[in-house]
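*Asks:* My questions all concern the structure below.
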Amino acid sequence: MKLYATITVVLLVLGVHAGNGGKRQLPALGRPMREAFYMDPDFVQLNHGAYGTYPKVVGDALREYQQRSERNPDLWLRRDAKTELAKVRQMLADLVNADSADVVMVPNTTGGINAVFRSLVFAAGERILHLSSIYNSMGSIIQYLVDYSNGSLSKLVFDVTYPMSNEDFLLAFETFLNQTEDPAHPIRIALIDHITSVPSIVNPIERIIPMLKQRNISVLIDGAHAIGQVPINITALQPDYYVTNCHKWLYAARGCALLYVDKKYQGEVHPAQINSGYSQPANFQNEFFWTGTMDYSSYMTVPTALQFRREAGGEDVIMKYNHDLAYNGGRRMAELFGTSIMQDEEQIGSMVDVRLPVNNPDDSKLDGEWWIDEQLYRHPNTFSSVYKHNGSWWVRVSAQIYNDLSDFELSAQHFLDICNELNMNDQTTTTSTTTTSASTTTDNSNSASSNVIM
Ligand SMILES: Cc1ncc(COP(=O)(O)O)c(C=O)c1O
């Protein structure tokens, strides 16, 4: 039994299914691929970017590792977990073109960014720079540092409003850096998203990083969405710190992220949970290995996730499929809405933002949980994040290898239903002469123009 279980783990890690020469025959990309994942048959997942999801083989590996650790916890936690983790780090380092000595595993991007920021010893007067599109938790970390600095630290925010091309971003950013230069208040570090959450923009970090480093500003890249969505080349990019979630786009189980730290800072970076490995200077690998008792199984799913990706066609094929689908699917939704997508094609990885046909974007009821409730209760078989930006409401839609264009059309239909009713109610409440009710005026045919009440 024990031997069988061990062999199963090995086979899972290697992606071997008996009798087919070590390669699984996966369903084709698109709808057929849904079989390889866990989603309910009537659920159309278009929100992959939020938490990621993993294929069934990754779920199998996760459970196998959880059981393995219980069979002999000492053997696992004192010996084998470390060895296995080193292999995982090596595989990920190879994927992002980094030295495996420079990367450690952390449970999530929030943990990695906390580790970096809270390890820094700031001098009085220093500033932290970030974009206004920063992910909310990261904004909170910076605010926390400022709040607890006794007034010696401040933040500098570069406002971004989209649509805006990458070229325009770079020009405006350079001007902003020049205009805000202040020797009395040097910018110690900048947090830049590789791919922002909302709006979902792939930032030209290969040009942003040198711009900052030239000015002696350390660069921390929030790559929460990056690995598996866009290629990452740490050696070429040369950030000082880079964090990326393997549980979002790489198909690892949740609670799995990679933190890269440039060698010259490793002695100063401690995990957010200080632990028995603490030393001065920090022993980077040691301190990040044992951050308190935890389940390492999600980290251990990386080899299976990578094997699955190879079998699905490899990194380039997956990224291209998702990119093309996001771009074309987003444009199809915009066509049905009579609106537009937010991004230039180069700003799209696997997510796209489409403007919703909302007549009164300033309706205060839309600012709360309204969109979430509408989707979860009225259209629970698909979900996408909705947010307000630049005076309009947008929906962020994720493309994944288990989606095809028809999923985007289905989502568009749901949002058209929601927006139609919203616009109609808005008309009924704001126009006193309107006497007809929704049930008598709506023609919910498939035509976009007849569906949207402008
Ligand atoms: C840009 C960005 N940064 C950080 C995070 C946080 O990731 P996690 O919750 O895995 O720490 C997210 C989550 O969606 C994100 O979009």
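In the structure tokens, each chain is lettered A, B, ... as it comes, each chain's residues begin at 1, and ligands are numbered from 1 in order of appearance.
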So which residues are near ligand 1, meaning at most 6 Å away with only C-alpha atoms and all ligand atoms counted, given back as a PyMOL selection string?

*Replies:* chain A and resi 50+108-110+135+193+196-197+222+224+245

*Asks:* Excluding Thr53 in chain A and its own-chain neighbours fewer than 2 positions away, which residues fall within 9 Å of it when counting only C-alpha atoms? Please give them as a ChimeraX atom specification.

*Replies:* /A:37-39,48-49,51,55,247-254

*Asks:* I need the residues from that last selection saved to file as a compact mmCIF listing (two decimals), in the first residue's frame (with C-alpha atoms), if you can.

*Replies:*
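Resulting contents of selection.txt:
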# COMPACT_ATOMS: atom_id res chain seq x y z
CA PHE A 37 -10.65 20.93 -14.66
CA TYR A 38 -13.14 20.77 -11.82
CA MET A 39 -15.69 23.44 -12.78
CA HIS A 48 -9.59 32.91 -13.61
CA GLY A 49 -7.52 35.96 -12.77
CA TYR A 51 -7.93 33.21 -7.63
CA PRO A 55 -6.56 20.99 -13.33
CA HIS A 247 -1.72 29.72 -8.05
CA LYS A 248 -3.20 32.23 -10.47
CA TRP A 249 -2.12 31.55 -14.04
CA LEU A 250 0.37 28.69 -13.64
CA TYR A 251 -2.25 26.16 -12.39
CA ALA A 252 -0.56 25.37 -9.07
CA ALA A 253 -2.83 24.89 -6.06
CA ARG A 254 -3.74 27.99 -4.07

*Asks:* Hey, what's within 9 Å of range 325-340 of chain A if we count only C-alpha atoms and toss same-chain stuff fewer than 3 positions away? As number ranges by chain, please?

*Replies:* A: 320-322, 343, 345, 348-357, 397-401, 403-409, 411-413, 415-416, 446-449, 451-452

*Asks:* Got time to write the residues from that selection, N, CA and C atoms, as a compact mmCIF listing (two decimals), in the first residue's frame?

*Replies:*
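This went into result16.txt:
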# COMPACT_ATOMS: atom_id res chain seq x y z
N LYS A 320 -0.41 32.20 -25.93
CA LYS A 320 -0.97 32.75 -27.18
C LYS A 320 -2.47 32.48 -27.25
N TYR A 321 -2.87 31.27 -26.88
CA TYR A 321 -4.30 30.95 -26.93
C TYR A 321 -5.07 31.93 -26.03
N ASN A 322 -4.58 32.11 -24.82
CA ASN A 322 -5.29 32.96 -23.87
C ASN A 322 -5.28 34.43 -24.30
N GLN A 343 -7.89 48.17 -23.56
CA GLN A 343 -6.46 48.06 -23.84
C GLN A 343 -6.10 48.10 -25.32
N GLU A 345 -3.67 46.13 -27.91
CA GLU A 345 -3.41 44.68 -27.86
C GLU A 345 -2.16 44.35 -27.03
N ILE A 348 -2.55 43.61 -23.34
CA ILE A 348 -3.36 42.46 -22.93
C ILE A 348 -2.48 41.22 -22.76
N GLY A 349 -2.65 40.57 -21.62
CA GLY A 349 -2.06 39.24 -21.44
C GLY A 349 -3.15 38.25 -21.69
N SER A 350 -3.82 37.81 -20.62
CA SER A 350 -4.95 36.88 -20.77
C SER A 350 -6.23 37.49 -20.19
N MET A 351 -6.19 38.79 -19.90
CA MET A 351 -7.39 39.43 -19.37
C MET A 351 -7.69 40.67 -20.20
N VAL A 352 -8.98 40.98 -20.28
CA VAL A 352 -9.38 42.14 -21.06
C VAL A 352 -10.46 42.88 -20.29
N ASP A 353 -10.52 44.19 -20.46
CA ASP A 353 -11.53 44.99 -19.77
C ASP A 353 -12.45 45.61 -20.81
N VAL A 354 -13.74 45.39 -20.63
CA VAL A 354 -14.71 45.86 -21.62
C VAL A 354 -15.67 46.84 -20.93
N ARG A 355 -15.94 47.96 -21.62
CA ARG A 355 -16.82 48.97 -21.03
C ARG A 355 -18.26 48.49 -21.07
N LEU A 356 -18.94 48.60 -19.96
CA LEU A 356 -20.32 48.14 -19.87
C LEU A 356 -21.28 49.24 -20.34
N PRO A 357 -22.38 48.84 -20.96
CA PRO A 357 -23.32 49.84 -21.46
C PRO A 357 -24.25 50.34 -20.36
N VAL A 397 -12.54 40.46 -17.88
CA VAL A 397 -12.83 39.07 -18.23
C VAL A 397 -11.52 38.33 -18.49
N SER A 398 -11.41 37.15 -17.89
CA SER A 398 -10.21 36.33 -18.05
C SER A 398 -10.42 35.27 -19.12
N ALA A 399 -9.40 35.05 -19.94
CA ALA A 399 -9.45 33.97 -20.93
C ALA A 399 -8.55 32.85 -20.44
N GLN A 400 -9.00 31.63 -20.63
CA GLN A 400 -8.19 30.50 -20.17
C GLN A 400 -8.37 29.36 -21.16
N ILE A 401 -7.49 28.38 -21.08
CA ILE A 401 -7.49 27.33 -22.12
C ILE A 401 -8.77 26.51 -22.13
N ASN A 403 -11.73 28.02 -22.08
CA ASN A 403 -12.77 28.92 -22.61
C ASN A 403 -12.71 28.98 -24.12
N ASP A 404 -13.80 29.40 -24.71
CA ASP A 404 -13.78 29.80 -26.12
C ASP A 404 -14.67 31.02 -26.30
N LEU A 405 -14.79 31.46 -27.55
CA LEU A 405 -15.51 32.71 -27.81
C LEU A 405 -16.95 32.67 -27.32
N SER A 406 -17.57 31.50 -27.36
CA SER A 406 -18.98 31.42 -26.95
C SER A 406 -19.13 31.76 -25.47
N ASP A 407 -18.10 31.52 -24.67
CA ASP A 407 -18.18 31.89 -23.24
C ASP A 407 -18.25 33.41 -23.09
N PHE A 408 -17.49 34.11 -23.91
CA PHE A 408 -17.53 35.57 -23.86
C PHE A 408 -18.90 36.08 -24.30
N GLU A 409 -19.49 35.40 -25.27
CA GLU A 409 -20.82 35.82 -25.74
C GLU A 409 -21.86 35.59 -24.67
N SER A 411 -21.32 35.59 -21.44
CA SER A 411 -21.10 36.61 -20.42
C SER A 411 -21.69 37.94 -20.89
N ALA A 412 -21.47 38.25 -22.16
CA ALA A 412 -22.01 39.52 -22.71
C ALA A 412 -23.52 39.53 -22.56
N GLN A 413 -24.15 38.40 -22.82
CA GLN A 413 -25.62 38.34 -22.72
C GLN A 413 -26.07 38.61 -21.29
N PHE A 415 -24.48 40.33 -18.99
CA PHE A 415 -24.28 41.74 -18.65
C PHE A 415 -25.27 42.63 -19.39
N LEU A 416 -25.64 42.22 -20.60
CA LEU A 416 -26.65 43.00 -21.31
C LEU A 416 -27.97 42.95 -20.55
N ASN A 446 -31.40 38.73 -29.45
CA ASN A 446 -29.95 38.62 -29.43
C ASN A 446 -29.24 39.84 -30.01
N SER A 447 -29.99 40.72 -30.57
CA SER A 447 -29.33 41.87 -31.19
C SER A 447 -28.88 42.86 -30.12
N ALA A 448 -27.62 43.28 -30.24
CA ALA A 448 -27.07 44.16 -29.22
C ALA A 448 -27.85 45.46 -29.13
N SER A 449 -28.13 46.04 -30.28
CA SER A 449 -28.74 47.36 -30.23
C SER A 449 -30.16 47.28 -29.65
N ASN A 451 -31.05 45.21 -27.45
CA ASN A 451 -30.94 44.80 -26.06
C ASN A 451 -30.58 45.95 -25.14
N VAL A 452 -29.79 46.85 -25.64
CA VAL A 452 -29.29 47.91 -24.78
C VAL A 452 -30.20 49.12 -24.89

*Asks:* Write down as a PyMOL selection string the residues belonging to range 14-74 of chain A that are assigned helix (DSSP H, G or I) by DSSP computed on the backbone.

*Replies:* chain A and resi 14+31-36+48-51+56-71+73-74

*Asks:* With a distance cut-off of 7 Å and only C-alpha atoms, select the neighbouring residues of Arg127 in chain A, excluding the residue or stretch itself and same-chain residues fewer than 4 positions from it, and output the selection as an MDAnalysis selection string.

*Replies:* chainID A and resid 153:156 185:188

*Asks:* Take the selection from the previous step and output its residues with N, CA and C atoms, as a short mmCIF file (atom, residue, chain, number, x, y, z; two decimals), in the first residue's frame.

*Replies:*
data_model
loop_
_atom_site.label_atom_id
_atom_site.label_comp_id
_atom_site.auth_asym_id
_atom_site.auth_seq_id
_atom_site.Cartn_x
_atom_site.Cartn_y
_atom_site.Cartn_z
N LEU A 153 8.03 58.96 6.81
CA LEU A 153 7.91 58.31 5.51
C LEU A 153 6.64 58.80 4.83
N SER A 154 6.70 58.97 3.50
CA SER A 154 5.48 59.36 2.80
C SER A 154 5.39 58.58 1.49
N LYS A 155 4.23 58.66 0.86
CA LYS A 155 4.10 57.95 -0.41
C LYS A 155 3.84 58.94 -1.54
N LEU A 156 4.21 58.49 -2.71
CA LEU A 156 4.07 59.30 -3.91
C LEU A 156 3.29 58.43 -4.90
N HIS A 185 13.66 64.41 -0.15
CA HIS A 185 12.71 63.29 0.03
C HIS A 185 12.92 62.26 -1.07
N PRO A 186 14.05 61.56 -1.03
CA PRO A 186 14.34 60.60 -2.11
C PRO A 186 13.32 59.47 -2.14
N ILE A 187 13.09 58.96 -3.35
CA ILE A 187 12.19 57.80 -3.47
C ILE A 187 13.06 56.56 -3.22
N ARG A 188 12.76 55.88 -2.14
CA ARG A 188 13.57 54.72 -1.76
C ARG A 188 13.24 53.51 -2.62
#

*Asks:* Pick out the closest residue to Phe288 in chain A from this set: A:Met164, A:Gly112, A:Asn203, A:Val198. Count only C-alpha atoms.

*Replies:*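 The answer is A:Gly112, which sits nearest to Phe288 in chain A.
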
*Asks:* Can you pull out every residue within 9 Å of range 276-280 of chain A, counting only C-alpha atoms, but drop anything in the same chain fewer than 6 positions away, and send it as a PyMOL selection string?

*Replies:* chain A and resi 267-268+270+286-292
